[in-house]
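Dumped work-v1.json below, it's JSON, N, CA and C atoms:
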```json
[["chain", "number", "residue", "atom", "x", "y", "z"],
["A", 1, "MET", "N", 43.01, -5.22, 40.32],
["A", 1, "MET", "CA", 42.45, -4.09, 41.02],
["A", 1, "MET", "C", 42.06, -3.02, 39.98],
["A", 2, "HIS", "N", 40.82, -2.60, 39.99],
["A", 2, "HIS", "CA", 40.33, -1.60, 39.06],
["A", 2, "HIS", "C", 40.15, -0.28, 39.78],
["A", 3, "VAL", "N", 40.80, 0.76, 39.24],
["A", 3, "VAL", "CA", 40.70, 2.10, 39.81],
["A", 3, "VAL", "C", 39.96, 2.98, 38.80],
["A", 4, "PRO", "N", 38.96, 3.72, 39.24],
["A", 4, "PRO", "CA", 38.26, 4.61, 38.32],
["A", 4, "PRO", "C", 39.22, 5.66, 37.74],
["A", 5, "LEU", "N", 38.97, 6.04, 36.51],
["A", 5, "LEU", "CA", 39.85, 7.00, 35.83],
["A", 5, "LEU", "C", 39.88, 8.33, 36.56],
["A", 6, "TRP", "N", 38.73, 8.79, 37.05],
["A", 6, "TRP", "CA", 38.70, 10.09, 37.72],
["A", 6, "TRP", "C", 39.53, 10.08, 39.00],
["A", 7, "LEU", "N", 39.56, 8.93, 39.69],
["A", 7, "LEU", "CA", 40.35, 8.83, 40.92],
["A", 7, "LEU", "C", 41.84, 8.82, 40.61],
["A", 8, "ALA", "N", 42.23, 8.10, 39.56],
["A", 8, "ALA", "CA", 43.64, 8.07, 39.17],
["A", 8, "ALA", "C", 44.11, 9.45, 38.73],
["A", 9, "LEU", "N", 43.30, 10.16, 37.95],
["A", 9, "LEU", "CA", 43.67, 11.50, 37.51],
["A", 9, "LEU", "C", 43.75, 12.48, 38.67],
["A", 10, "LEU", "N", 42.84, 12.34, 39.62],
["A", 10, "LEU", "CA", 42.87, 13.19, 40.80],
["A", 10, "LEU", "C", 44.13, 12.98, 41.62],
["A", 11, "CYS", "N", 44.51, 11.72, 41.82],
["A", 11, "CYS", "CA", 45.73, 11.41, 42.58],
["A", 11, "CYS", "C", 46.98, 11.92, 41.87],
["A", 12, "ILE", "N", 47.06, 11.71, 40.57],
["A", 12, "ILE", "CA", 48.20, 12.19, 39.80],
["A", 12, "ILE", "C", 48.26, 13.72, 39.82],
["A", 13, "GLY", "N", 47.10, 14.36, 39.71],
["A", 13, "GLY", "CA", 47.06, 15.82, 39.75],
["A", 13, "GLY", "C", 47.52, 16.37, 41.09],
["A", 14, "VAL", "N", 47.05, 15.78, 42.18],
["A", 14, "VAL", "CA", 47.44, 16.25, 43.51],
["A", 14, "VAL", "C", 48.94, 16.04, 43.73],
["A", 15, "LEU", "N", 49.45, 14.89, 43.33],
["A", 15, "LEU", "CA", 50.89, 14.65, 43.48],
["A", 15, "LEU", "C", 51.70, 15.61, 42.62],
["A", 16, "GLY", "N", 51.24, 15.87, 41.41],
["A", 16, "GLY", "CA", 51.95, 16.79, 40.53],
["A", 16, "GLY", "C", 52.00, 18.20, 41.10],
["A", 17, "VAL", "N", 50.89, 18.66, 41.64],
["A", 17, "VAL", "CA", 50.85, 20.01, 42.22],
["A", 17, "VAL", "C", 51.74, 20.08, 43.46],
["A", 18, "ARG", "N", 51.74, 19.04, 44.26],
["A", 18, "ARG", "CA", 52.57, 19.06, 45.47],
["A", 18, "ARG", "C", 54.06, 18.94, 45.16],
["A", 19, "LEU", "N", 54.42, 18.16, 44.16],
["A", 19, "LEU", "CA", 55.84, 17.95, 43.86],
["A", 19, "LEU", "C", 56.43, 19.06, 42.98],
["A", 20, "ILE", "N", 55.70, 19.48, 41.97],
["A", 20, "ILE", "CA", 56.24, 20.47, 41.02],
["A", 20, "ILE", "C", 55.98, 21.89, 41.49],
["A", 21, "ARG", "N", 54.93, 22.12, 42.25],
["A", 21, "ARG", "CA", 54.55, 23.43, 42.78],
["A", 21, "ARG", "C", 54.37, 24.49, 41.70],
["A", 22, "PRO", "N", 53.47, 24.23, 40.71],
["A", 22, "PRO", "CA", 53.19, 25.30, 39.74],
["A", 22, "PRO", "C", 52.31, 26.37, 40.39],
["A", 23, "PRO", "N", 52.29, 27.56, 39.81],
["A", 23, "PRO", "CA", 51.39, 28.59, 40.37],
["A", 23, "PRO", "C", 49.93, 28.16, 40.20],
["A", 24, "TRP", "N", 49.09, 28.52, 41.15],
["A", 24, "TRP", "CA", 47.69, 28.10, 41.13],
["A", 24, "TRP", "C", 46.94, 28.68, 39.94],
["A", 25, "TRP", "N", 47.33, 29.87, 39.48],
["A", 25, "TRP", "CA", 46.65, 30.46, 38.33],
["A", 25, "TRP", "C", 46.90, 29.62, 37.09],
["A", 26, "LEU", "N", 48.10, 29.01, 36.97],
["A", 26, "LEU", "CA", 48.41, 28.16, 35.82],
["A", 26, "LEU", "C", 47.56, 26.89, 35.85],
["A", 27, "VAL", "N", 47.40, 26.31, 37.01],
["A", 27, "VAL", "CA", 46.56, 25.12, 37.15],
["A", 27, "VAL", "C", 45.12, 25.46, 36.77],
["A", 28, "ALA", "N", 44.62, 26.60, 37.24],
["A", 28, "ALA", "CA", 43.25, 27.01, 36.93],
["A", 28, "ALA", "C", 43.08, 27.26, 35.43],
["A", 29, "VAL", "N", 44.05, 27.91, 34.80],
["A", 29, "VAL", "CA", 43.96, 28.19, 33.36],
["A", 29, "VAL", "C", 43.97, 26.89, 32.56],
["A", 30, "LEU", "N", 44.81, 25.94, 32.93],
["A", 30, "LEU", "CA", 44.86, 24.66, 32.21],
["A", 30, "LEU", "C", 43.56, 23.88, 32.37],
["A", 31, "LEU", "N", 43.01, 23.85, 33.57],
["A", 31, "LEU", "CA", 41.75, 23.14, 33.80],
["A", 31, "LEU", "C", 40.60, 23.80, 33.05],
["A", 32, "LEU", "N", 40.51, 25.11, 33.14],
["A", 32, "LEU", "CA", 39.43, 25.82, 32.46],
["A", 32, "LEU", "C", 39.58, 25.73, 30.95],
["A", 33, "GLY", "N", 40.80, 25.86, 30.46],
["A", 33, "GLY", "CA", 41.05, 25.75, 29.02],
["A", 33, "GLY", "C", 40.71, 24.36, 28.49],
["A", 34, "GLY", "N", 41.08, 23.33, 29.22],
["A", 34, "GLY", "CA", 40.76, 21.97, 28.81],
["A", 34, "GLY", "C", 39.27, 21.71, 28.81],
["A", 35, "TYR", "N", 38.59, 22.26, 29.81],
["A", 35, "TYR", "CA", 37.13, 22.10, 29.88],
["A", 35, "TYR", "C", 36.46, 22.80, 28.70],
["A", 36, "LEU", "N", 36.91, 24.00, 28.39],
["A", 36, "LEU", "CA", 36.30, 24.75, 27.29],
["A", 36, "LEU", "C", 36.62, 24.13, 25.93],
["A", 37, "LEU", "N", 37.84, 23.60, 25.76],
["A", 37, "LEU", "CA", 38.19, 22.96, 24.49],
["A", 37, "LEU", "C", 37.42, 21.66, 24.29],
["A", 38, "ALA", "N", 37.12, 20.96, 25.37],
["A", 38, "ALA", "CA", 36.41, 19.69, 25.25],
["A", 38, "ALA", "C", 34.98, 19.88, 24.74],
["A", 39, "ASP", "N", 34.44, 21.07, 24.92],
["A", 39, "ASP", "CA", 33.06, 21.32, 24.49],
["A", 39, "ASP", "C", 33.01, 22.26, 23.28],
["A", 40, "SER", "N", 34.13, 22.40, 22.57],
["A", 40, "SER", "CA", 34.17, 23.33, 21.44],
["A", 40, "SER", "C", 34.11, 22.56, 20.12],
["A", 41, "VAL", "N", 34.16, 23.30, 19.02],
["A", 41, "VAL", "CA", 34.15, 22.68, 17.70],
["A", 41, "VAL", "C", 35.48, 21.99, 17.41],
["A", 42, "LEU", "N", 36.51, 22.27, 18.20],
["A", 42, "LEU", "CA", 37.82, 21.65, 18.02],
["A", 42, "LEU", "C", 37.91, 20.27, 18.67],
["A", 43, "ALA", "N", 36.89, 19.87, 19.42],
["A", 43, "ALA", "CA", 36.94, 18.60, 20.13],
["A", 43, "ALA", "C", 37.16, 17.41, 19.21],
["A", 44, "PRO", "N", 36.49, 17.29, 18.04],
["A", 44, "PRO", "CA", 36.76, 16.14, 17.15],
["A", 44, "PRO", "C", 38.20, 16.14, 16.62],
["A", 45, "VAL", "N", 38.74, 17.32, 16.35],
["A", 45, "VAL", "CA", 40.12, 17.41, 15.87],
["A", 45, "VAL", "C", 41.10, 16.96, 16.94],
["A", 46, "ILE", "N", 40.88, 17.40, 18.16],
["A", 46, "ILE", "CA", 41.74, 16.99, 19.28],
["A", 46, "ILE", "C", 41.62, 15.51, 19.54],
["A", 47, "ASN", "N", 40.39, 14.98, 19.46],
["A", 47, "ASN", "CA", 40.17, 13.56, 19.68],
["A", 47, "ASN", "C", 40.90, 12.73, 18.63],
["A", 48, "THR", "N", 40.87, 13.16, 17.39],
["A", 48, "THR", "CA", 41.58, 12.44, 16.31],
["A", 48, "THR", "C", 43.09, 12.51, 16.54],
["A", 49, "ALA", "N", 43.60, 13.66, 16.94],
["A", 49, "ALA", "CA", 45.03, 13.82, 17.15],
["A", 49, "ALA", "C", 45.52, 12.98, 18.33],
["A", 50, "VAL", "N", 44.69, 12.87, 19.37],
["A", 50, "VAL", "CA", 45.09, 12.10, 20.54],
["A", 50, "VAL", "C", 45.10, 10.61, 20.25],
["A", 51, "LYS", "N", 44.13, 10.16, 19.48],
["A", 51, "LYS", "CA", 44.06, 8.73, 19.16],
["A", 51, "LYS", "C", 45.06, 8.45, 18.09]]
```

Please re-express this file's structure in structure tokens.
Amino acid sequence: MHVPLWLALLCIGVLGVRLIRPPWWLVAVLLLGGYLLADSVLAPVINTAVK
């Protein structure tokens, strides 16, 4: 069974928010920060560190 990555991440994110109950502003800051870092000059450095 093949599940698209975006669907798996969405399910994990929804479960995490429902179970852990972080503040919504923290979720928004993490999503916006990740989006901005992915398109910055730091993206190759982060990619190397993750791999």

For this session: Work out how far apart CA of Leu36 in chain A and CA of Arg21 in chain A are and give it in Å to one decimal.
Result: 24.0 Å

For this session: Go ahead and compute the interatomic distance for atom N of Leu10 in chain A and CA of Val50 in chain A, in Å to one decimal.
Result: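 CA of Val50 in chain A lies at a distance of 19.2 Å from atom N of Leu10 in chain A.
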
Problem set entry | One-decimal distance in Å that lies between CA of Ile12 in chain A and atom N of Trp24 in chain A |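 Value for the atom N of Trp24 in chain A-CA of Ile12 in chain A distance: 16.4 Å.
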
Exercise. Where does DSSP see alpha helix (DSSP H) in chain A, if you list the residues as a PyMOL selection string?
Worked result: chain A and resi 5-20+24-38+43-50

Start from the incomplete input, build all heavy atoms for range 16-27 of chain A, and deliver everything as a PDB file, keeping the file's coordinate frame.
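As written to disk, part-v1.pdb reads:
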```
ATOM      1  N   GLY A  16      51.240  15.870  41.410  1.00  0.00           N
ATOM      2  CA  GLY A  16      51.950  16.790  40.530  1.00  0.00           C
ATOM      3  C   GLY A  16      52.000  18.200  41.100  1.00  0.00           C
ATOM      4  O   GLY A  16      53.039  18.857  41.061  1.00  0.00           O
ATOM      5  N   VAL A  17      50.890  18.660  41.640  1.00  0.00           N
ATOM      6  CA  VAL A  17      50.850  20.010  42.220  1.00  0.00           C
ATOM      7  C   VAL A  17      51.740  20.080  43.460  1.00  0.00           C
ATOM      8  O   VAL A  17      52.463  21.047  43.669  1.00  0.00           O
ATOM      9  CB  VAL A  17      49.397  20.405  42.561  1.00  0.00           C
ATOM     10  CG1 VAL A  17      49.351  21.643  43.437  1.00  0.00           C
ATOM     11  CG2 VAL A  17      48.627  20.648  41.282  1.00  0.00           C
ATOM     12  N   ARG A  18      51.740  19.040  44.260  1.00  0.00           N
ATOM     13  CA  ARG A  18      52.570  19.060  45.470  1.00  0.00           C
ATOM     14  C   ARG A  18      54.060  18.940  45.160  1.00  0.00           C
ATOM     15  O   ARG A  18      54.881  19.559  45.842  1.00  0.00           O
ATOM     16  CB  ARG A  18      52.162  17.934  46.410  1.00  0.00           C
ATOM     17  CG  ARG A  18      50.842  18.177  47.075  1.00  0.00           C
ATOM     18  CD  ARG A  18      50.533  17.081  48.073  1.00  0.00           C
ATOM     19  NE  ARG A  18      49.209  17.266  48.624  1.00  0.00           N
ATOM     20  CZ  ARG A  18      48.998  17.790  49.817  1.00  0.00           C
ATOM     21  NH1 ARG A  18      50.006  18.160  50.555  1.00  0.00           N
ATOM     22  NH2 ARG A  18      47.763  17.931  50.262  1.00  0.00           N
ATOM     23  N   LEU A  19      54.420  18.160  44.160  1.00  0.00           N
ATOM     24  CA  LEU A  19      55.840  17.950  43.860  1.00  0.00           C
ATOM     25  C   LEU A  19      56.430  19.060  42.980  1.00  0.00           C
ATOM     26  O   LEU A  19      57.548  19.504  43.219  1.00  0.00           O
ATOM     27  CB  LEU A  19      56.041  16.597  43.179  1.00  0.00           C
ATOM     28  CG  LEU A  19      55.732  15.378  44.046  1.00  0.00           C
ATOM     29  CD1 LEU A  19      55.861  14.108  43.233  1.00  0.00           C
ATOM     30  CD2 LEU A  19      56.657  15.324  45.248  1.00  0.00           C
ATOM     31  N   ILE A  20      55.700  19.480  41.970  1.00  0.00           N
ATOM     32  CA  ILE A  20      56.240  20.470  41.020  1.00  0.00           C
ATOM     33  C   ILE A  20      55.980  21.890  41.490  1.00  0.00           C
ATOM     34  O   ILE A  20      56.749  22.792  41.186  1.00  0.00           O
ATOM     35  CB  ILE A  20      55.643  20.228  39.610  1.00  0.00           C
ATOM     36  CG1 ILE A  20      56.028  18.835  39.136  1.00  0.00           C
ATOM     37  CG2 ILE A  20      56.135  21.257  38.624  1.00  0.00           C
ATOM     38  CD1 ILE A  20      55.367  18.432  37.848  1.00  0.00           C
ATOM     39  N   ARG A  21      54.930  22.120  42.250  1.00  0.00           N
ATOM     40  CA  ARG A  21      54.550  23.430  42.780  1.00  0.00           C
ATOM     41  C   ARG A  21      54.370  24.490  41.700  1.00  0.00           C
ATOM     42  O   ARG A  21      55.001  25.539  41.749  1.00  0.00           O
ATOM     43  CB  ARG A  21      55.595  23.912  43.774  1.00  0.00           C
ATOM     44  CG  ARG A  21      55.748  23.053  44.969  1.00  0.00           C
ATOM     45  CD  ARG A  21      55.230  23.784  46.152  1.00  0.00           C
ATOM     46  NE  ARG A  21      55.380  22.949  47.332  1.00  0.00           N
ATOM     47  CZ  ARG A  21      54.481  22.936  48.277  1.00  0.00           C
ATOM     48  NH1 ARG A  21      53.428  23.671  48.174  1.00  0.00           N
ATOM     49  NH2 ARG A  21      54.642  22.176  49.317  1.00  0.00           N
ATOM     50  N   PRO A  22      53.470  24.230  40.710  1.00  0.00           N
ATOM     51  CA  PRO A  22      53.190  25.300  39.740  1.00  0.00           C
ATOM     52  C   PRO A  22      52.310  26.370  40.390  1.00  0.00           C
ATOM     53  O   PRO A  22      51.663  26.109  41.403  1.00  0.00           O
ATOM     54  CB  PRO A  22      52.413  24.563  38.635  1.00  0.00           C
ATOM     55  CG  PRO A  22      51.734  23.457  39.357  1.00  0.00           C
ATOM     56  CD  PRO A  22      52.686  23.037  40.449  1.00  0.00           C
ATOM     57  N   PRO A  23      52.290  27.560  39.810  1.00  0.00           N
ATOM     58  CA  PRO A  23      51.390  28.590  40.370  1.00  0.00           C
ATOM     59  C   PRO A  23      49.930  28.160  40.200  1.00  0.00           C
ATOM     60  O   PRO A  23      49.578  27.491  39.219  1.00  0.00           O
ATOM     61  CB  PRO A  23      51.679  29.833  39.533  1.00  0.00           C
ATOM     62  CG  PRO A  23      52.700  29.463  38.534  1.00  0.00           C
ATOM     63  CD  PRO A  23      53.087  28.041  38.713  1.00  0.00           C
ATOM     64  N   TRP A  24      49.090  28.520  41.150  1.00  0.00           N
ATOM     65  CA  TRP A  24      47.690  28.100  41.130  1.00  0.00           C
ATOM     66  C   TRP A  24      46.940  28.680  39.940  1.00  0.00           C
ATOM     67  O   TRP A  24      46.026  28.061  39.426  1.00  0.00           O
ATOM     68  CB  TRP A  24      47.001  28.469  42.441  1.00  0.00           C
ATOM     69  CG  TRP A  24      47.406  27.527  43.530  1.00  0.00           C
ATOM     70  CD1 TRP A  24      48.260  27.783  44.549  1.00  0.00           C
ATOM     71  CD2 TRP A  24      47.009  26.161  43.676  1.00  0.00           C
ATOM     72  NE1 TRP A  24      48.417  26.662  45.329  1.00  0.00           N
ATOM     73  CE2 TRP A  24      47.657  25.657  44.815  1.00  0.00           C
ATOM     74  CE3 TRP A  24      46.172  25.312  42.953  1.00  0.00           C
ATOM     75  CZ2 TRP A  24      47.488  24.351  45.246  1.00  0.00           C
ATOM     76  CZ3 TRP A  24      46.006  24.013  43.397  1.00  0.00           C
ATOM     77  CH2 TRP A  24      46.655  23.540  44.521  1.00  0.00           C
ATOM     78  N   TRP A  25      47.330  29.870  39.480  1.00  0.00           N
ATOM     79  CA  TRP A  25      46.650  30.460  38.330  1.00  0.00           C
ATOM     80  C   TRP A  25      46.900  29.620  37.090  1.00  0.00           C
ATOM     81  O   TRP A  25      46.036  29.483  36.240  1.00  0.00           O
ATOM     82  CB  TRP A  25      47.062  31.911  38.103  1.00  0.00           C
ATOM     83  CG  TRP A  25      48.511  32.104  37.800  1.00  0.00           C
ATOM     84  CD1 TRP A  25      49.501  32.391  38.681  1.00  0.00           C
ATOM     85  CD2 TRP A  25      49.137  32.005  36.511  1.00  0.00           C
ATOM     86  NE1 TRP A  25      50.701  32.472  38.027  1.00  0.00           N
ATOM     87  CE2 TRP A  25      50.516  32.248  36.708  1.00  0.00           C
ATOM     88  CE3 TRP A  25      48.675  31.739  35.233  1.00  0.00           C
ATOM     89  CZ2 TRP A  25      51.416  32.221  35.656  1.00  0.00           C
ATOM     90  CZ3 TRP A  25      49.586  31.711  34.188  1.00  0.00           C
ATOM     91  CH2 TRP A  25      50.929  31.958  34.401  1.00  0.00           C
ATOM     92  N   LEU A  26      48.100  29.010  36.970  1.00  0.00           N
ATOM     93  CA  LEU A  26      48.410  28.160  35.820  1.00  0.00           C
ATOM     94  C   LEU A  26      47.560  26.890  35.850  1.00  0.00           C
ATOM     95  O   LEU A  26      47.048  26.454  34.817  1.00  0.00           O
ATOM     96  CB  LEU A  26      49.898  27.824  35.808  1.00  0.00           C
ATOM     97  CG  LEU A  26      50.393  26.953  34.671  1.00  0.00           C
ATOM     98  CD1 LEU A  26      50.152  27.638  33.330  1.00  0.00           C
ATOM     99  CD2 LEU A  26      51.854  26.629  34.840  1.00  0.00           C
ATOM    100  N   VAL A  27      47.400  26.310  37.010  1.00  0.00           N
ATOM    101  CA  VAL A  27      46.560  25.120  37.150  1.00  0.00           C
ATOM    102  C   VAL A  27      45.120  25.460  36.770  1.00  0.00           C
ATOM    103  O   VAL A  27      44.468  24.708  36.032  1.00  0.00           O
ATOM    104  CB  VAL A  27      46.634  24.571  38.600  1.00  0.00           C
ATOM    105  CG1 VAL A  27      45.651  23.435  38.802  1.00  0.00           C
ATOM    106  CG2 VAL A  27      48.044  24.131  38.928  1.00  0.00           C
TER     107      VAL A  27
END
```
